[in-house]
Amino acid sequence: MTRSRPSGRRDEQGSALVELSWLAIILLVPLIWIVISVFEVQQGAFATSAAARAAGRAYALAPDDATGAARAEAVVRHVLADQGTPGQRARVRVTCDAPAGNCHVGTSVITVRVDSGVELPFFPAILGKGAAVFSLDATHTVPIGQYVESGSDDGEGPGR
């Protein structure tokens with residue numbers, strides 16, 4: 001006994017595999033993009049935080065404000081490159097709460113803020129103009145102690 005199939009219907013055997021394959025591709029590609037984007041943003045956040053911390057230290061250890069600002073800028077570029085984000089742009093702002101107008105005297109508080117952004121990878125151009133940028137910022141505060149070593153007026157060091 002043989003079964004006869006109706007001529008109007010086609011065999012659907014194996015179509016679930018094709019549908020599952022297309023569904024997996026349609027769902028997997030955006031999921032992979034989201035995961036890669038989250039990792040890029042997290043890497044940028046770690047780099048920005050490390051840059052702010054290092055810039056605060058560099059500024060506080062500098063002999064004067066002008067040298068401190070130059071060192072802070074250089075350190076931010078170096079730390080971002082060291083963290084694996086060499087193309088990440090950053091803006092450094094240094095403010096200080098100092099009683100004498102000099103950030104390097106006792107009881108002053110130096111605050112360094114680093115603003116940067118991370119471009120999301122493989123961002124589709126159809127969704128907007130150019131690459132999408134995720135903004136990041138980090139702040140680090142360095143208090144200068146009350147008992148700070150200062151240079152003597154007569155040019156002699158402590159051991160002379």
# chains A, B, ... in the order shown; residues from 1 in each chain; ligands from 1
>>> residues_around(residues="A:Gly68", least_positions_apart="3", cutoff="10 Å", atoms="only C-alpha atoms", output="ChimeraX atom specification")
/A:55-65,71-74,94,103-104
>>> select_by_dssp(residues="stretch 55-133 of chain A", states="alpha helix (DSSP H)", output="MDAnalysis selection string")
chainID A and resid 55:61 65:82
>>> atom_distance(atom1="atom CA of A:Pro86", atom2="atom CA of A:Ser49")
14.9 Å
>>> residues_around(residues="A:Phe39", least_positions_apart="6", cutoff="12 Å", atoms="only C-alpha atoms", output="MDAnalysis selection string")
chainID A and resid 32:33 45:46 118:121
>>> closest_residue(among="A:Leu31, A:Ile144, A:Val38, A:Ile26", to="A:Pro99", atoms="only C-alpha atoms")
A:Ile144
>>> closest_residue(among="A:Thr141, A:Ser135, A:Thr48, A:Thr85", to="A:Ile110", atoms="only C-alpha atoms")
A:Thr141
